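A.B. asks: Before we start, here is the structure in question, set down as structure tokens.
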Amino acid sequence: MFEPLPRMLGGLLIGIAFGVLLQKGQVAKYRVIVQQLTLERWTVAKIMGTAIVVGGLGIYALLPAGAVTLHLKPLLVGGVVLGGISFGVGLALLGYCPGTTLAACAEGRRDAWVGLLGGLVGAGVFVAAHDSWTAVQRWGGDHGELTLPELVGAPGWAWLAGLGLLIALAAVWRRRPPRRDDDGFRPPARSHP
Amino acid sequence: MRRAAWSPYLVGAGIGVLSWIAFLTAAHPLGITTAYERTAALALAPLGLASSYLSENELVLGWEWMLVIGVFLGALASALWGRDREPMSVPPMWAARFGPSRGKRLVTAFAGGALMLFGARLADGCTSGHGISGNLQLAVSSWLFTAIFAAVSIVVALTLFGRKDRRHV
């Protein structure tokens with residue numbers, strides 16, 4: 001039932017670091033998640049985007065040496081599409097994602113604790129009718145462990161570098177000074193405050 | 001550690017490096033919701049409701065489960081050090097739109113949690129397993145899942161809260 005102790009300890013330590021990062025990243029807060037979804041605040045996208053670029057460049061660099069292998073989830077169309085819809089509705093209602101729910105619980109947010117309970121019930125619904133849901137996952141077919149480089153052809157580092165460039169451009173663009181009025185008119189600065 | 005908030009780019013880079021460590025030391029991507037599924041199976045097994053699940057999955061409380069415990073402990077330490085605990089039932093942004101009722105907020109949170117975790121198990125991943133770990137490996141399943149859940153959650157949130165410039169609260 002339990003895995004060997006060193007492996008359990010490794011999981012715990014990586015989890016602790018993950019928890020510190022999520023909490024310091026402000027994503028254990030309802031307003032930060034919801035304001036990402038209403039497109040007012042881009043904290044979540046910045047964190048996820050940077051994690052993908054940094055993480056991905058490292059993993060794809062370690063790959064040829066055989067230090068790591070990829071652990072891909074198969075493209076089960078029914079599971080990914082219907083699961084994505086259910087996940088998206090649930091995320092917008094709860095305002096925390098599964099990992100940040102735990103970090104929000106740690107901040108003392110009682111709605112996150114209730115969301116955690118709801119999550120266990122939702123996972124229970126999947127477990128209890130496992131056979132039926134396994135069939136639903138395969139609606140539309142099982143396309144296996146497919147990657148974007150395999151599907152489209154450009155190498156892994158190019159995808160990740162492209163995403164990195166996009167994030168950098170977005171960061172620069174958002175730092176621009178505010179735009180002037182359409183006709184270029186700016187009220188003169190008052191010399192006597 | 002005492003500062004309540006770090007730069008999102010620093011946090012993202014940190015999570016990226018954690019992914020390397022997880023792949024190198026445990027041959028495992030960062031993911032959260034398998035632990036929810038195992039916990040639910042543990043509760044349902046004595047009731048005889050998990051037999052088909054357990055015929056295909058071993059009921060192991062291992063690396064993933066400890067990862068989840070760690071996330072809670074790490075966030076707790078971080079919130080305490082940064083004096084950033086926010087004990088409350090109804091977030092102000094919710095209250096401004098839907099009123100101060102605890103019942104309304106908690107029922108919505110429960111339903112949201114259930115839909116979210118059910119969806120994550122059906123799709124075999126969440127914001128961590130697909131959104132970060134799967135996307136960084138450039139898995140087609142993960143990019144598709146991310147596009148769908150992002151679009152759906154944005155539409156639902158904009159329906160609930162409206163656009164900022166049109167909001168009168």
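Ordering of the structure tokens sets the chain letters (A, B, ...), residue numbers begin anew at 1 in every chain, and ligands are numbered from 1 in the order given.
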Please identify all polymer residues within 8 Å of stretch 42-57 of chain B, counting only C-alpha atoms, omitting same-chain residues fewer than 3 positions from it, and present them as a ChimeraX atom specification.
C.D. replies: /A:124,127-131 /B:38-39
A.B. asks: Give me the residues near A:Gln26 as a compact mmCIF listing (two decimals) with N, CA and C atoms, in the first residue's frame, where near means some atom within 10 Å (using only C-alpha atoms) and where sequence neighbours in that chain fewer than 6 positions away do not count.
C.D. replies:
```txt
# COMPACT_ATOMS: atom_id res chain seq x y z
N VAL A 32 -7.39 36.14 -7.42
CA VAL A 32 -6.34 36.03 -8.44
C VAL A 32 -6.75 35.03 -9.52
N ILE A 33 -7.37 33.92 -9.11
CA ILE A 33 -7.81 32.93 -10.10
C ILE A 33 -8.98 33.50 -10.92
N THR A 43 -1.68 36.80 -13.65
CA THR A 43 -0.75 36.07 -12.79
C THR A 43 -0.68 34.58 -13.14
N VAL A 44 -1.85 33.95 -13.29
CA VAL A 44 -1.87 32.50 -13.52
C VAL A 44 -1.19 32.16 -14.85
N THR A 100 -4.09 24.43 -6.11
CA THR A 100 -4.19 25.65 -5.32
C THR A 100 -5.32 25.56 -4.29
N ALA A 103 -3.44 24.73 -1.25
CA ALA A 103 -2.73 25.91 -0.74
C ALA A 103 -3.72 26.91 -0.13
N ALA A 104 -4.93 27.01 -0.73
CA ALA A 104 -5.96 27.91 -0.19
C ALA A 104 -6.46 27.40 1.16
N ALA B 4 5.05 38.58 1.11
CA ALA B 4 3.83 37.81 0.85
C ALA B 4 3.76 37.34 -0.60
N ALA B 5 4.32 38.11 -1.53
CA ALA B 5 4.18 37.75 -2.94
C ALA B 5 5.53 37.80 -3.66
N TRP B 6 5.76 36.79 -4.50
CA TRP B 6 6.95 36.79 -5.35
C TRP B 6 6.51 37.05 -6.79
N SER B 7 7.49 37.44 -7.62
CA SER B 7 7.19 37.65 -9.04
C SER B 7 6.65 36.35 -9.66
N PRO B 8 5.57 36.46 -10.45
CA PRO B 8 5.02 35.25 -11.08
C PRO B 8 6.03 34.56 -11.99
N VAL B 11 8.20 32.49 -9.70
CA VAL B 11 7.43 31.32 -9.24
C VAL B 11 7.33 30.28 -10.35
N ASP B 84 0.25 35.95 5.66
CA ASP B 84 -0.64 36.06 4.51
C ASP B 84 -1.77 35.05 4.63
```
A.B. asks: Output as a PyMOL selection string all residues of chain B that backbone DSSP marks as alpha helix (DSSP H).
C.D. replies: chain B and resi 8-26+33-44+51-56+63-81+92-98+102-123+135-136+140-161
A.B. asks: What does the distance between atom CA of A:Glu40 and atom CA of A:Leu116 come to in Å, to one decimal place?
C.D. replies: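 These atoms are spaced 26.0 Å apart.
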A.B. asks: Of the candidates A:Val20, A:Leu9, A:Arg31, A:Val54, which shows the shortest atom-to-atom distance to A:Ile167, using only C-alpha atoms?
C.D. replies: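 For A:Ile167, the nearest of the candidates is A:Val54.
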A.B. asks: Calculate how many Å separate atom CA of A:Gly88 from atom CA of B:Ala35, rounding to one decimal.
C.D. replies: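 These two atoms are separated by 19.8 Å.
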A.B. asks: Do a neighbour search on B:Trp94 at 9 Å with only C-alpha atoms, toss out local chain neighbours closer than 2 positions, and write the hits as a ChimeraX atom specification.
C.D. replies: /A:30-31 /B:90-92,96-100,105,161
A.B. asks: Those same residues - C-alpha atoms - I'd like them written as a PDB file, in the first residue's frame.
C.D. replies:
```pdb
ATOM      1  CA  TYR A  30      -9.899  33.387  -5.064  1.00  0.00           C
ATOM      2  CA  ARG A  31      -9.591  36.865  -6.610  1.00  0.00           C
TER       3      ARG A  31
ATOM      4  CA  VAL B  90     -16.882  34.172   1.480  1.00  0.00           C
ATOM      5  CA  PRO B  91     -14.198  35.930  -0.617  1.00  0.00           C
ATOM      6  CA  PRO B  92     -14.953  39.692  -0.921  1.00  0.00           C
ATOM      7  CA  ALA B  96     -19.622  41.980  -3.884  1.00  0.00           C
ATOM      8  CA  ARG B  97     -21.404  40.124  -6.691  1.00  0.00           C
ATOM      9  CA  PHE B  98     -23.557  37.496  -4.943  1.00  0.00           C
ATOM     10  CA  GLY B  99     -23.973  38.840  -1.406  1.00  0.00           C
ATOM     11  CA  PRO B 100     -22.551  37.739   1.955  1.00  0.00           C
ATOM     12  CA  ARG B 105     -20.843  30.398  -1.526  1.00  0.00           C
ATOM     13  CA  PHE B 161     -19.020  38.402 -13.088  1.00  0.00           C
TER      14      PHE B 161
END
```
A.B. asks: Which stretch 109-177 of chain A residues have any atom within 6 Å of an atom of stretch 73-79 of chain A, and for each, what is the nearest pair of atoms with distance in Å to one decimal, counting only C-alpha atoms, rows sorted by chain and number, as a Markdown table?
C.D. replies:
```
| residue | atom | partner | partner_atom | distance |
| --- | --- | --- | --- | --- |
| A:Val136 | CA | A:Gly78 | CA | 6.0 |
| A:Gln137 | CA | A:Gly79 | CA | 3.8 |
| A:Arg138 | CA | A:Leu76 | CA | 5.4 |
| A:Trp139 | CA | A:Gly78 | CA | 4.6 |
| A:Gly140 | CA | A:Val77 | CA | 5.2 |
| A:Gly141 | CA | A:Val77 | CA | 6.0 |
| A:Asp142 | CA | A:Leu76 | CA | 4.5 |
| A:His143 | CA | A:Leu75 | CA | 5.1 |
| A:Gly144 | CA | A:Pro74 | CA | 4.5 |
| A:Glu145 | CA | A:Pro74 | CA | 4.3 |
```
A.B. asks: Of the candidates A:Ile47, A:Leu91, A:Ile59, A:Ala112, which one gets nearest to B:Ser89 if we count only C-alpha atoms?
C.D. replies: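 Of the candidates, the smallest distance to B:Ser89 is held by A:Ala112.
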A.B. asks: Atom CA of B:Thr159 to atom CA of A:Leu93: how many Å, to one decimal?
C.D. replies: 11.1 Å
A.B. asks: Need the shell around B:Ile32: protein/DNA/RNA residues with any atom at most 7 Å away, counting only C-alpha atoms. Skip same-chain ones fewer than 5 positions apart. Format as JSON, numbers by chain?
C.D. replies: {"A": [98, 99], "B": [64, 68, 128, 129]}
A.B. asks: Pick out each residue of chain A that DSSP on the backbone tags as strand (DSSP E or B); I need them as a PyMOL selection string.
C.D. replies: chain A and resi 2+76+109+142+147
A.B. asks: Using only C-alpha atoms, can you tell me which of A:Ala168, A:Val152, A:Gly118, A:Gly19 comes closest to B:Thr108?
C.D. replies: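 Among the listed residues, A:Gly118 lies closest to B:Thr108.
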A.B. asks: Would you please work out which residue, of A:Met1, A:Ala158, A:Leu62, A:Ala170, is nearest to chain B when using only C-alpha atoms?
C.D. replies: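 The answer is A:Met1, which sits nearest to chain B.
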A.B. asks: Would you pick out the contacts of A:Leu21 at 9 Å or less, using only C-alpha atoms, so that residues sharing its chain but fewer than 6 positions from it are not included, and give the list as a list of chain:residue names?
C.D. replies: B:Trp6, B:Leu10, B:Val11, B:Gly12, B:Gly14, B:Ile15, B:Gly74, B:Ala75, B:Ser78
A.B. asks: Could you pull the residues within 12 Å of A:Ala171, counting only C-alpha atoms, minus those fewer than 5 positions along the same chain, as a list of chain:residue names?
C.D. replies: A:Trp42, A:Thr43, A:Ala45, A:Lys46, A:Gly49, A:Thr50, A:Gly164, A:Leu165, A:Leu166, A:Arg176, B:Pro8, B:Tyr9
A.B. asks: Would you output that residue set with C-alpha atoms, as a PDB file, in the first residue's frame?
C.D. replies:
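Listed below is the output, part00.pdb:
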```pdb
ATOM      1  CA  TRP A  42      -2.559  37.623 -15.788  1.00  0.00           C
ATOM      2  CA  THR A  43      -0.750  36.067 -12.792  1.00  0.00           C
ATOM      3  CA  ALA A  45      -0.896  32.661 -17.200  1.00  0.00           C
ATOM      4  CA  LYS A  46       2.532  34.113 -16.331  1.00  0.00           C
ATOM      5  CA  GLY A  49       3.678  29.877 -19.120  1.00  0.00           C
ATOM      6  CA  THR A  50       7.059  30.359 -17.427  1.00  0.00           C
ATOM      7  CA  GLY A 164       9.037  31.947 -24.242  1.00  0.00           C
ATOM      8  CA  LEU A 165       9.295  34.711 -26.852  1.00  0.00           C
ATOM      9  CA  LEU A 166       5.518  35.201 -26.700  1.00  0.00           C
ATOM     10  CA  ARG A 176       4.337  50.386 -22.312  1.00  0.00           C
TER      11      ARG A 176
ATOM     12  CA  PRO B   8       5.019  35.249 -11.079  1.00  0.00           C
ATOM     13  CA  TYR B   9       7.948  34.704 -13.459  1.00  0.00           C
TER      14      TYR B   9
END
```
A.B. asks: Give me the residues near B:Ala26 as a ChimeraX atom specification, where near means some atom within 10 Å (using only C-alpha atoms) and where sequence neighbours in that chain fewer than 4 positions away do not count.
C.D. replies: /A:7-8,10-11,68 /B:20-22,30,63
A.B. asks: Print the selection's residues with N, CA and C atoms to a file, as a PDB file, in the first residue's frame.
C.D. replies:
```pdb
ATOM      1  N   ARG A   7      11.371   7.392  -1.406  1.00  0.00           N
ATOM      2  CA  ARG A   7      10.539   7.931  -2.480  1.00  0.00           C
ATOM      3  C   ARG A   7       9.408   8.790  -1.914  1.00  0.00           C
ATOM      4  N   MET A   8       8.815   8.317  -0.814  1.00  0.00           N
ATOM      5  CA  MET A   8       7.749   9.092  -0.155  1.00  0.00           C
ATOM      6  C   MET A   8       8.298  10.434   0.325  1.00  0.00           C
ATOM      7  N   GLY A  10      10.906  12.042  -0.821  1.00  0.00           N
ATOM      8  CA  GLY A  10      11.175  12.883  -1.991  1.00  0.00           C
ATOM      9  C   GLY A  10       9.920  13.597  -2.453  1.00  0.00           C
ATOM     10  N   GLY A  11       8.810  12.853  -2.499  1.00  0.00           N
ATOM     11  CA  GLY A  11       7.531  13.450  -2.894  1.00  0.00           C
ATOM     12  C   GLY A  11       7.124  14.550  -1.937  1.00  0.00           C
ATOM     13  N   VAL A  68      16.112  11.456 -18.533  1.00  0.00           N
ATOM     14  CA  VAL A  68      14.671  11.439 -18.267  1.00  0.00           C
ATOM     15  C   VAL A  68      13.954  10.786 -19.451  1.00  0.00           C
TER      16      VAL A  68
ATOM     17  N   TRP B  20      11.937  19.415 -13.333  1.00  0.00           N
ATOM     18  CA  TRP B  20      13.171  18.671 -13.653  1.00  0.00           C
ATOM     19  C   TRP B  20      13.478  17.697 -12.524  1.00  0.00           C
ATOM     20  N   ILE B  21      13.410  18.219 -11.279  1.00  0.00           N
ATOM     21  CA  ILE B  21      13.773  17.394 -10.122  1.00  0.00           C
ATOM     22  C   ILE B  21      12.839  16.184 -10.021  1.00  0.00           C
ATOM     23  N   ALA B  22      11.522  16.430 -10.263  1.00  0.00           N
ATOM     24  CA  ALA B  22      10.559  15.330 -10.180  1.00  0.00           C
ATOM     25  C   ALA B  22      10.838  14.273 -11.252  1.00  0.00           C
ATOM     26  N   LEU B  30       4.863  16.323 -12.080  1.00  0.00           N
ATOM     27  CA  LEU B  30       4.050  16.921 -11.020  1.00  0.00           C
ATOM     28  C   LEU B  30       2.576  16.779 -11.390  1.00  0.00           C
ATOM     29  N   TRP B  63       4.228   8.461  -3.755  1.00  0.00           N
ATOM     30  CA  TRP B  63       4.858   9.736  -4.111  1.00  0.00           C
ATOM     31  C   TRP B  63       3.811  10.826  -4.321  1.00  0.00           C
TER      32      TRP B  63
END
```
